[in-house]
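*Asks:* Provided below: model23.cif, containing mmCIF, C-alpha atoms.
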```cif
data_final
#
loop_
_atom_site.label_atom_id
_atom_site.label_comp_id
_atom_site.auth_asym_id
_atom_site.auth_seq_id
_atom_site.Cartn_x
_atom_site.Cartn_y
_atom_site.Cartn_z
CA MET A 11 0.00 0.00 0.00
CA GLY A 12 3.02 2.24 0.31
CA LEU A 13 4.07 4.68 3.00
CA HIS A 14 3.34 7.92 1.17
CA GLU A 15 0.39 8.87 3.40
CA THR A 16 0.83 9.66 7.09
CA THR A 17 -2.12 7.42 7.99
CA ASN A 18 -0.40 4.44 6.37
CA ILE A 19 2.83 5.26 8.23
CA ASN A 20 0.93 5.27 11.54
CA PHE A 21 -0.90 2.04 10.72
CA PHE A 22 2.39 0.40 9.72
CA SER A 23 4.04 1.52 12.98
CA LEU A 24 1.04 0.29 14.94
CA ALA A 25 1.24 -3.08 13.15
CA ILE A 26 4.90 -3.47 14.20
CA SER A 27 3.98 -2.60 17.79
CA ASP A 28 1.12 -5.12 17.69
CA LEU A 29 3.45 -7.82 16.36
CA VAL A 30 6.04 -7.26 19.11
CA SER A 31 3.30 -7.26 21.78
CA ALA A 32 1.76 -10.45 20.37
CA LEU A 33 5.11 -12.27 20.33
CA SER A 34 5.84 -11.09 23.89
CA LEU A 35 2.44 -12.35 25.04
CA VAL A 36 3.13 -15.75 23.47
CA LEU A 37 6.51 -15.83 25.23
CA ILE A 38 4.83 -15.04 28.55
CA MET A 39 2.30 -17.83 28.09
CA ILE A 40 5.12 -20.30 27.34
CA THR A 41 7.43 -19.31 30.19
CA ASN A 42 4.94 -18.39 32.91
CA ASN A 43 4.69 -20.56 36.04
CA THR A 44 7.69 -22.76 35.24
CA ASP A 45 10.66 -23.64 37.46
CA LEU A 46 13.13 -24.51 34.71
CA LYS A 47 16.59 -22.97 34.69
CA LEU A 48 18.46 -21.55 31.71
CA PRO A 49 22.09 -22.57 31.04
CA SER A 50 23.14 -19.24 32.59
CA GLY A 51 21.39 -20.21 35.81
CA ALA A 52 18.59 -17.67 35.39
CA SER A 53 15.01 -18.75 35.95
CA ILE A 54 12.68 -18.90 32.95
CA ASP A 55 10.26 -16.94 35.11
CA GLU A 56 12.61 -13.97 34.71
CA ILE A 57 11.96 -14.07 30.95
CA THR A 58 8.28 -13.57 31.76
CA HIS A 59 9.06 -10.34 33.59
CA VAL A 60 11.35 -9.05 30.83
CA ALA A 61 8.63 -9.77 28.26
CA SER A 62 6.18 -7.92 30.51
CA PHE A 63 8.43 -4.85 30.44
CA ILE A 64 8.42 -5.00 26.63
CA ILE A 65 4.62 -5.24 26.60
CA TYR A 66 4.33 -2.18 28.86
CA ALA A 67 6.60 -0.24 26.52
CA ASN A 68 4.66 -1.37 23.45
CA SER A 69 1.37 -0.44 25.10
CA ALA A 70 2.67 3.10 25.57
CA ILE A 71 3.98 3.15 21.98
CA ALA A 72 0.65 1.88 20.63
CA GLY A 73 -1.16 4.53 22.67
CA PHE A 74 1.16 7.23 21.32
CA ILE A 75 0.63 6.14 17.70
CA THR A 76 -3.13 5.90 18.21
CA THR A 77 -3.05 9.40 19.70
CA ILE A 78 -1.32 10.71 16.57
CA LEU A 79 -3.92 8.96 14.41
CA SER A 80 -6.85 10.40 16.33
CA MET A 81 -5.42 13.93 16.44
CA GLU A 82 -4.62 13.82 12.72
CA ARG A 83 -8.21 12.81 11.93
CA CYS A 84 -9.48 15.64 14.12
CA LEU A 85 -7.29 18.09 12.21
CA CYS A 86 -8.66 16.72 8.94
CA ILE A 87 -12.12 17.76 10.11
CA VAL A 88 -11.21 21.05 11.79
CA ALA A 89 -8.59 22.26 9.29
CA PRO A 90 -8.69 20.04 6.19
CA LEU A 91 -6.65 22.48 4.09
CA LYS A 92 -3.82 22.81 6.60
CA VAL A 93 -3.44 19.26 7.90
CA LYS A 94 -1.10 18.20 5.07
CA LYS A 95 1.29 21.02 5.96
CA VAL A 96 1.16 20.41 9.71
CA VAL A 97 1.26 16.59 9.73
CA THR A 98 3.89 15.38 7.27
CA GLY A 99 5.32 11.91 6.82
CA LYS A 100 8.79 13.01 7.89
CA ARG A 101 7.50 14.62 11.09
CA VAL A 102 5.46 11.54 11.97
CA VAL A 103 8.48 9.26 11.47
CA VAL A 104 10.79 11.51 13.49
CA VAL A 105 8.37 12.00 16.41
CA THR A 106 7.47 8.29 16.54
CA SER A 107 11.13 7.25 16.37
CA ILE A 108 12.03 9.59 19.24
CA PHE A 109 9.22 8.19 21.37
CA VAL A 110 10.20 4.58 20.59
CA ALA A 111 13.81 5.38 21.56
CA TYR A 112 12.52 6.94 24.80
CA GLU A 113 10.61 3.76 25.65
CA MET A 114 13.54 1.50 24.74
CA VAL A 115 15.77 3.43 27.15
CA PHE A 116 13.38 2.64 29.98
CA VAL A 117 13.15 -1.03 28.92
CA GLY A 118 16.94 -1.17 29.19
CA LEU A 119 16.82 0.48 32.60
CA LEU A 120 14.11 -1.90 33.81
CA ILE A 121 16.11 -4.93 32.70
CA GLY A 122 19.58 -3.69 33.58
CA ARG A 123 19.38 -1.39 36.58
CA THR A 124 16.59 -3.08 38.53
CA GLY A 125 17.97 -6.53 37.70
CA PRO A 126 16.74 -9.97 38.78
CA PRO A 127 14.94 -11.16 40.78
CA TYR A 128 12.23 -9.06 39.17
CA VAL A 129 9.67 -10.36 41.67
CA ALA A 130 11.21 -8.15 44.35
CA ILE A 131 9.45 -4.86 45.04
CA SER A 132 11.63 -2.03 43.79
CA LEU A 133 10.90 1.68 44.09
CA LEU A 134 13.29 2.29 41.20
CA ARG A 135 11.32 -0.08 38.96
CA ALA A 136 8.08 1.59 40.02
CA LEU A 137 9.54 4.97 39.05
CA TYR A 138 10.64 3.69 35.64
CA LEU A 139 7.19 2.21 34.95
CA LEU A 140 5.56 5.43 36.09
CA CYS A 141 7.62 7.54 33.67
CA SER A 142 7.54 5.13 30.72
CA TYR A 143 4.03 3.71 30.96
CA SER A 144 1.55 4.97 33.55
CA ILE A 145 1.71 8.75 33.02
CA ILE A 146 2.08 8.56 29.23
CA SER A 147 -0.67 5.96 28.85
CA LEU A 148 -3.08 8.00 30.97
CA ILE A 149 -2.41 11.13 28.89
CA CYS A 150 -2.90 9.17 25.65
CA PHE A 151 -6.07 7.58 27.02
CA VAL A 152 -7.60 10.98 27.79
CA ILE A 153 -6.62 12.47 24.41
CA ILE A 154 -7.86 9.44 22.47
CA SER A 155 -11.16 9.37 24.39
CA VAL A 156 -11.84 13.06 23.72
CA SER A 157 -10.76 12.75 20.08
CA THR A 158 -12.95 9.70 19.52
CA VAL A 159 -16.02 11.45 20.90
CA PHE A 160 -15.26 14.46 18.72
CA LEU A 161 -14.79 12.30 15.62
CA ILE A 162 -18.04 10.44 16.17
CA ILE A 163 -19.99 13.67 16.65
CA ARG A 164 -18.45 15.48 13.70
CA LEU A 165 -18.24 12.63 11.17
CA LYS A 166 -21.80 12.94 9.84
CA GLN A 167 -21.66 16.72 9.83
CA SER A 168 -18.34 16.67 7.97
CA LEU A 169 -19.62 14.21 5.38
CA SER A 170 -22.71 16.31 4.77
CA TRP A 171 -20.60 19.44 4.28
CA ARG A 172 -18.22 17.65 1.91
CA LYS A 173 -21.09 16.31 -0.20
CA LYS A 174 -22.58 19.78 -0.60
CA THR A 175 -19.28 21.37 -1.57
CA SER A 176 -18.05 18.56 -3.82
CA THR A 177 -19.11 19.29 -7.36
CA ALA A 178 -16.73 16.96 -9.16
CA SER A 179 -16.62 13.18 -8.93
CA GLY A 180 -13.00 13.39 -7.74
CA GLY A 181 -14.09 15.51 -4.80
CA GLN A 182 -16.79 12.98 -3.94
CA ALA A 183 -14.24 10.16 -4.12
CA THR A 184 -11.95 12.07 -1.78
CA SER A 185 -14.87 12.60 0.61
CA ASN A 186 -15.62 8.87 0.71
CA LYS A 187 -11.96 8.05 1.22
CA GLU A 188 -11.71 10.47 4.14
CA ALA A 189 -14.86 9.04 5.70
CA LYS A 190 -13.52 5.48 5.51
CA ALA A 191 -10.21 6.56 7.01
CA THR A 192 -12.04 8.34 9.84
CA ARG A 193 -14.19 5.29 10.59
CA CYS A 194 -11.10 3.08 10.65
CA VAL A 195 -9.37 5.44 13.12
CA ILE A 196 -12.51 5.53 15.28
CA PHE A 197 -12.57 1.72 15.47
CA ILE A 198 -8.85 1.59 16.32
CA CYS A 199 -9.33 4.23 19.03
CA MET A 200 -12.31 2.40 20.51
CA LEU A 201 -10.32 -0.83 20.64
CA PHE A 202 -7.54 0.97 22.48
CA ILE A 203 -9.98 2.54 24.94
CA LEU A 204 -11.67 -0.78 25.72
CA SER A 205 -8.39 -2.70 26.05
CA PHE A 206 -6.88 -0.03 28.30
CA PHE A 207 -9.68 -0.04 30.89
CA PRO A 208 -8.17 -2.91 32.97
CA ASN A 209 -4.79 -1.14 32.96
CA LEU A 210 -6.50 2.09 33.97
CA PHE A 211 -8.01 0.36 36.99
CA VAL A 212 -4.60 -1.10 37.94
CA ILE A 213 -2.91 2.31 37.66
CA ILE A 214 -5.56 3.98 39.81
CA PHE A 215 -5.47 1.18 42.39
CA ALA A 216 -1.65 1.24 42.51
CA SER A 217 -1.74 5.02 43.01
CA VAL A 218 -3.98 4.63 46.05
CA TYR A 219 -2.18 1.53 47.34
CA PRO A 220 1.49 1.79 46.16
CA THR A 221 2.52 -1.74 47.24
CA PHE A 222 -0.18 -3.34 45.08
CA ASN A 223 1.40 -6.24 43.14
CA LEU A 224 1.15 -9.99 42.57
CA TRP A 225 2.88 -10.72 45.89
CA ASP A 226 0.84 -8.43 48.08
CA PRO A 227 -0.49 -10.49 51.03
CA TYR A 228 -3.90 -8.80 50.95
CA PHE A 229 -4.64 -8.34 47.24
CA THR A 230 -2.82 -11.24 45.58
CA ARG A 231 -5.95 -12.76 44.03
CA LEU A 232 -7.25 -9.39 42.81
CA ALA A 233 -3.84 -8.56 41.33
CA TYR A 234 -3.72 -11.87 39.44
CA ILE A 235 -7.24 -11.34 38.08
CA LEU A 236 -6.48 -7.80 36.94
CA CYS A 237 -3.19 -8.83 35.33
CA TYR A 238 -4.89 -11.73 33.54
CA VAL A 239 -7.70 -9.50 32.24
CA SER A 240 -5.16 -6.84 31.26
CA PHE A 241 -3.03 -9.25 29.23
CA MET A 242 -6.12 -10.82 27.65
CA SER A 243 -7.48 -7.43 26.59
CA GLN A 244 -4.04 -6.55 25.23
CA ALA A 245 -3.96 -9.80 23.25
CA ILE A 246 -7.44 -9.14 21.83
CA SER A 247 -6.50 -5.59 20.90
CA VAL A 248 -3.29 -6.46 19.02
CA SER A 249 -5.01 -9.38 17.28
CA THR A 250 -8.12 -7.59 16.05
CA ASN A 251 -6.61 -4.44 14.54
CA VAL A 252 -5.97 -6.35 11.32
CA ILE A 253 -9.71 -7.13 11.15
CA VAL A 254 -10.44 -3.41 11.38
CA TYR A 255 -8.03 -2.71 8.51
CA TYR A 256 -9.63 -5.46 6.42
CA THR A 257 -13.22 -4.37 6.97
CA SER A 258 -12.58 -0.62 6.70
CA SER A 259 -10.30 -0.34 3.67
CA SER A 260 -11.26 -1.69 0.23
CA ARG A 261 -7.67 -1.20 -0.97
CA TYR A 262 -6.35 -3.18 1.98
CA ARG A 263 -8.80 -6.00 1.15
CA GLN A 264 -7.72 -5.98 -2.49
CA ILE A 265 -4.01 -6.21 -1.69
CA PHE A 266 -4.63 -8.73 1.12
CA ARG A 267 -6.56 -11.02 -1.25
CA SER A 268 -3.84 -10.72 -3.88
CA LEU A 269 -1.26 -11.84 -1.30
CA PHE A 270 -3.49 -14.62 0.08
CA PRO A 271 -5.55 -16.09 -2.80
CA CYS A 272 -7.44 -18.39 -0.41
CA PHE A 273 -9.31 -15.31 0.87
CA LYS A 274 -10.59 -14.30 -2.56
CA GLU A 275 -14.36 -14.14 -2.87
CA GLU A 276 -15.98 -16.66 -5.14
CA LYS A 277 -17.88 -15.20 -8.09
#
```
Take the structure in the file and give it back as structure tokens.

*Replies:*
Amino acid sequence: MGLHETTNINFFSLAISDLVSALSLVLIMITNNTDLKLPSGASIDEITHVASFIIYANSAIAGFITTILSMERCLCIVAPLKVKKVVTGKRVVVVTSIFVAYEMVFVGLLIGRTGPPYVAISLLRALYLLCSYSIISLICFVIISVSTVFLIIRLKQSLSWRKKTSTASGGQATSNKEAKATRCVIFICMLFILSFFPNLFVIIFASVYPTFNLWDPYFTRLAYILCYVSFMSQAISVSTNVIVYYTSSSRYRQIFRSLFPCFKEEK
């Protein structure tokens, strides 16, 4: 499909983030609750915690990319003639790369500076997670929620205005293309909002009760339930985005079917 449009760049970046999160989730499911030892003497359970750090970082990255998508769509409605000048492919790549580098620094700090055993409560680890995940994710959640509501309210009004002002067939085609892109972004944003709710509850609970974790003597069962629901919602989110792309974009369907002939519709 190419990477000429900023929306495609964001979707491509989000797809990479989804892939890394999905592979990390699979790794967690394989290594979790095992007592095997690696040749280095490390416990396989430590791999689970390292993969969890990667998932936290990717959740923040996915939230950041989704925020860019939602804000870009809002600009397309508010200032359709200026959005191409404000949001360029180069700027999107640079900003996203800087944010990914920022998250990778904290992943390195979580793995290196806090060190095994990762099951131990560490104020330093809590600080790293706060700076790399909790605060950023909450900000993205608020922006995405507001943007999604705005997009839903303004979509019909924007389409009506475009239809009235479009006199040529090309203008009408552009209007339909923009509408499909907006719907796709709305679906992606809604998936993020729904999948982030368990994490939001964990963040709020941990803020009120700082020692809240899987080894807390009073809330162990609740912590396990919340973590399980959180990982499950994350798995559903990263696995269903491709369905949104397929159902929302006719061009995506066309190229997908050309790559996988078994999905071609029978005439």

*Asks:* So, with all atoms listed in the file as the atoms that count, which of A:Lys190, A:Val110, A:Ser147, A:Arg83 lies closest to Arg164 in chain A?

*Replies:* A:Arg83

*Asks:* Which residue is closest to Ile198 in chain A? Choose from A:Leu13, A:Val254, A:Val156, A:Ala216 and count all atoms listed in the file.

*Replies:*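 Of A:Leu13, A:Val254, A:Val156, A:Ala216, the one nearest Ile198 in chain A, counting all atoms listed in the file, is A:Val254.
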
*Asks:* What's the separation between CA of Val152 in chain A and CA of Leu137 in chain A, in Å to one decimal place?

*Replies:* 21.4 Å

*Asks:* Which residue is closest to Cys86 in chain A? Choose from A:Phe207, A:Thr230, A:Thr17, A:Ser260 and count only C-alpha atoms.

*Replies:*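 Smallest separation from Cys86 in chain A among the options: A:Thr17.
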
*Asks:* So which residues fall inside 10 Å of (8.2, -12.8, 24.3) if we count only C-alpha atoms? Mind giving them as a list in words?

*Replies:* Val30, Ser31, Ala32, Leu33, Ser34, Leu35, Val36, Leu37, Ile38, Met39, Ile40, Thr41, Ile57, Thr58, His59, Val60, Ala61, Ser62, Ile64 and Ile65 of chain A

*Asks:* Go ahead and write the residues just picked, C-alpha atoms, as a PDB file, keeping the file's coordinate frame.

*Replies:*
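File written: out-v6.pdb
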```pdb
ATOM      1  CA  VAL A  30       6.040  -7.260  19.110  1.00  0.00           C
ATOM      2  CA  SER A  31       3.300  -7.260  21.780  1.00  0.00           C
ATOM      3  CA  ALA A  32       1.760 -10.450  20.370  1.00  0.00           C
ATOM      4  CA  LEU A  33       5.110 -12.270  20.330  1.00  0.00           C
ATOM      5  CA  SER A  34       5.840 -11.090  23.890  1.00  0.00           C
ATOM      6  CA  LEU A  35       2.440 -12.350  25.040  1.00  0.00           C
ATOM      7  CA  VAL A  36       3.130 -15.750  23.470  1.00  0.00           C
ATOM      8  CA  LEU A  37       6.510 -15.830  25.230  1.00  0.00           C
ATOM      9  CA  ILE A  38       4.830 -15.040  28.550  1.00  0.00           C
ATOM     10  CA  MET A  39       2.300 -17.830  28.090  1.00  0.00           C
ATOM     11  CA  ILE A  40       5.120 -20.300  27.340  1.00  0.00           C
ATOM     12  CA  THR A  41       7.430 -19.310  30.190  1.00  0.00           C
ATOM     13  CA  ILE A  57      11.960 -14.070  30.950  1.00  0.00           C
ATOM     14  CA  THR A  58       8.280 -13.570  31.760  1.00  0.00           C
ATOM     15  CA  HIS A  59       9.060 -10.340  33.590  1.00  0.00           C
ATOM     16  CA  VAL A  60      11.350  -9.050  30.830  1.00  0.00           C
ATOM     17  CA  ALA A  61       8.630  -9.770  28.260  1.00  0.00           C
ATOM     18  CA  SER A  62       6.180  -7.920  30.510  1.00  0.00           C
ATOM     19  CA  ILE A  64       8.420  -5.000  26.630  1.00  0.00           C
ATOM     20  CA  ILE A  65       4.620  -5.240  26.600  1.00  0.00           C
TER      21      ILE A  65
END
```

*Asks:* Find the residues around range 238-240 of chain A up to 10 Å (all atoms listed in the file counted), leave out those fewer than 2 positions away in its own chain, and share them as an MDAnalysis selection string.

*Replies:* chainID A and resid 205:212 232:236 242:246

*Asks:* Selected residues, C-alpha atoms, written as a PDB file, keeping the file's coordinate frame, please.

*Replies:*
```
ATOM      1  CA  SER A 205      -8.390  -2.700  26.050  1.00  0.00           C
ATOM      2  CA  PHE A 206      -6.880  -0.030  28.300  1.00  0.00           C
ATOM      3  CA  PHE A 207      -9.680  -0.040  30.890  1.00  0.00           C
ATOM      4  CA  PRO A 208      -8.170  -2.910  32.970  1.00  0.00           C
ATOM      5  CA  ASN A 209      -4.790  -1.140  32.960  1.00  0.00           C
ATOM      6  CA  LEU A 210      -6.500   2.090  33.970  1.00  0.00           C
ATOM      7  CA  PHE A 211      -8.010   0.360  36.990  1.00  0.00           C
ATOM      8  CA  VAL A 212      -4.600  -1.100  37.940  1.00  0.00           C
ATOM      9  CA  LEU A 232      -7.250  -9.390  42.810  1.00  0.00           C
ATOM     10  CA  ALA A 233      -3.840  -8.560  41.330  1.00  0.00           C
ATOM     11  CA  TYR A 234      -3.720 -11.870  39.440  1.00  0.00           C
ATOM     12  CA  ILE A 235      -7.240 -11.340  38.080  1.00  0.00           C
ATOM     13  CA  LEU A 236      -6.480  -7.800  36.940  1.00  0.00           C
ATOM     14  CA  MET A 242      -6.120 -10.820  27.650  1.00  0.00           C
ATOM     15  CA  SER A 243      -7.480  -7.430  26.590  1.00  0.00           C
ATOM     16  CA  GLN A 244      -4.040  -6.550  25.230  1.00  0.00           C
ATOM     17  CA  ALA A 245      -3.960  -9.800  23.250  1.00  0.00           C
ATOM     18  CA  ILE A 246      -7.440  -9.140  21.830  1.00  0.00           C
TER      19      ILE A 246
END
```

*Asks:* Using CA of Ser258 in chain A and CA of Lys187 in chain A as the two end points, give the distance in Å to one decimal.

*Replies:* 10.3 Å

*Asks:* Go through A:Lys166, A:Asn68, A:Phe215, A:Glu82 and flag the residue nearest Lys95 in chain A, using all atoms listed in the file for the distances.

*Replies:*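 That would be A:Glu82, the residue with the smallest distance to Lys95 in chain A.
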
*Asks:* Ranking A:Thr192, A:Ser142, A:Thr76, A:Ser69 by minimum distance to Asp28 in chain A and counting all atoms listed in the file, which one comes first?

*Replies:*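 Residue with the minimum atom-to-atom distance to Asp28 in chain A: A:Ser69.
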
*Asks:* At what distance in Å, to one decimal, does CA of Val159 in chain A lie from CA of Ile145 in chain A?

*Replies:*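 Between these atoms lies a distance of 21.6 Å.
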
*Asks:* Taking (6.0, 4.6, 39.0) in the file's coordinates, which residues come within 12 Å, counting all atoms listed in the file, written as a compact mmCIF listing (two decimals) with C-alpha atoms, in the frame of the given file?

*Replies:*
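The resulting out00.txt:
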```txt
# COMPACT_ATOMS: atom_id res chain seq x y z
CA PHE A 116 13.38 2.64 29.98
CA LEU A 120 14.11 -1.90 33.81
CA ILE A 131 9.45 -4.86 45.04
CA SER A 132 11.63 -2.03 43.79
CA LEU A 133 10.90 1.68 44.09
CA LEU A 134 13.29 2.29 41.20
CA ARG A 135 11.32 -0.08 38.96
CA ALA A 136 8.08 1.59 40.02
CA LEU A 137 9.54 4.97 39.05
CA TYR A 138 10.64 3.69 35.64
CA LEU A 139 7.19 2.21 34.95
CA LEU A 140 5.56 5.43 36.09
CA CYS A 141 7.62 7.54 33.67
CA SER A 142 7.54 5.13 30.72
CA TYR A 143 4.03 3.71 30.96
CA SER A 144 1.55 4.97 33.55
CA ILE A 145 1.71 8.75 33.02
CA ILE A 146 2.08 8.56 29.23
CA ILE A 213 -2.91 2.31 37.66
CA ILE A 214 -5.56 3.98 39.81
CA ALA A 216 -1.65 1.24 42.51
CA SER A 217 -1.74 5.02 43.01
CA PRO A 220 1.49 1.79 46.16
CA THR A 221 2.52 -1.74 47.24
CA PHE A 222 -0.18 -3.34 45.08
```

*Asks:* Could you tell me which of A:Leu24, A:Ile162, A:Leu91, A:Ile196 comes closest to Ala72 in chain A if we count only C-alpha atoms?

*Replies:* A:Leu24

*Asks:* Output requested as a CSV table (one decimal), in the coordinates of the input - range 83-92 of chain A, filled out with all heavy atoms.

*Replies:*
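Printed below is selection21.csv as written:
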```
chain,number,residue,atom,x,y,z
A,83,ARG,N,-6.8,12.9,12.5
A,83,ARG,CA,-8.2,12.8,11.9
A,83,ARG,C,-9.0,14.0,12.4
A,83,ARG,O,-9.8,14.6,11.6
A,83,ARG,CB,-8.9,11.5,12.4
A,83,ARG,CG,-8.5,10.3,11.7
A,83,ARG,CD,-8.9,10.3,10.2
A,83,ARG,NE,-7.8,10.6,9.3
A,83,ARG,CZ,-7.9,10.9,8.1
A,83,ARG,NH1,-9.1,11.0,7.5
A,83,ARG,NH2,-6.8,11.2,7.3
A,84,CYS,N,-8.8,14.4,13.6
A,84,CYS,CA,-9.5,15.6,14.1
A,84,CYS,C,-9.1,16.9,13.3
A,84,CYS,O,-9.9,17.7,13.0
A,84,CYS,CB,-9.2,15.8,15.6
A,84,CYS,SG,-10.0,14.6,16.7
A,85,LEU,N,-7.8,17.0,13.0
A,85,LEU,CA,-7.3,18.1,12.2
A,85,LEU,C,-7.9,18.0,10.8
A,85,LEU,O,-8.1,19.1,10.2
A,85,LEU,CB,-5.8,18.1,12.2
A,85,LEU,CG,-5.0,18.6,13.4
A,85,LEU,CD1,-3.5,18.3,13.2
A,85,LEU,CD2,-5.3,20.0,13.7
A,86,CYS,N,-8.1,16.8,10.3
A,86,CYS,CA,-8.7,16.7,8.9
A,86,CYS,C,-10.1,17.3,8.9
A,86,CYS,O,-10.5,17.8,7.9
A,86,CYS,CB,-8.7,15.2,8.5
A,86,CYS,SG,-7.1,14.6,8.1
A,87,ILE,N,-10.8,17.2,10.0
A,87,ILE,CA,-12.1,17.8,10.1
A,87,ILE,C,-12.1,19.3,10.4
A,87,ILE,O,-12.8,20.0,9.8
A,87,ILE,CB,-12.9,17.0,11.2
A,87,ILE,CG1,-13.1,15.5,10.8
A,87,ILE,CG2,-14.3,17.7,11.4
A,87,ILE,CD1,-13.8,14.7,11.8
A,88,VAL,N,-11.3,19.7,11.4
A,88,VAL,CA,-11.2,21.0,11.8
A,88,VAL,C,-10.5,21.9,10.8
A,88,VAL,O,-11.0,23.0,10.4
A,88,VAL,CB,-10.5,21.2,13.2
A,88,VAL,CG1,-10.4,22.6,13.6
A,88,VAL,CG2,-11.3,20.4,14.2
A,89,ALA,N,-9.4,21.5,10.2
A,89,ALA,CA,-8.6,22.3,9.3
A,89,ALA,C,-8.1,21.4,8.1
A,89,ALA,O,-6.9,21.0,8.0
A,89,ALA,CB,-7.4,22.9,10.0
A,90,PRO,N,-9.0,21.0,7.3
A,90,PRO,CA,-8.7,20.0,6.2
A,90,PRO,C,-7.7,20.6,5.2
A,90,PRO,O,-6.9,19.8,4.6
A,90,PRO,CB,-10.0,19.8,5.5
A,90,PRO,CG,-10.9,21.0,5.8
A,90,PRO,CD,-10.5,21.4,7.2
A,91,LEU,N,-7.6,21.9,5.1
A,91,LEU,CA,-6.6,22.5,4.1
A,91,LEU,C,-5.3,22.7,4.7
A,91,LEU,O,-4.3,22.9,3.9
A,91,LEU,CB,-7.2,23.8,3.6
A,91,LEU,CG,-8.6,23.8,2.9
A,91,LEU,CD1,-9.0,25.2,2.5
A,91,LEU,CD2,-8.5,22.9,1.7
A,92,LYS,N,-5.1,22.6,6.0
A,92,LYS,CA,-3.8,22.8,6.6
A,92,LYS,C,-3.2,21.5,7.1
A,92,LYS,O,-2.0,21.5,7.5
A,92,LYS,CB,-4.0,23.8,7.7
A,92,LYS,CG,-4.4,25.2,7.3
A,92,LYS,CD,-4.5,26.1,8.5
A,92,LYS,CE,-4.9,27.5,8.0
A,92,LYS,NZ,-5.0,28.5,9.2
```
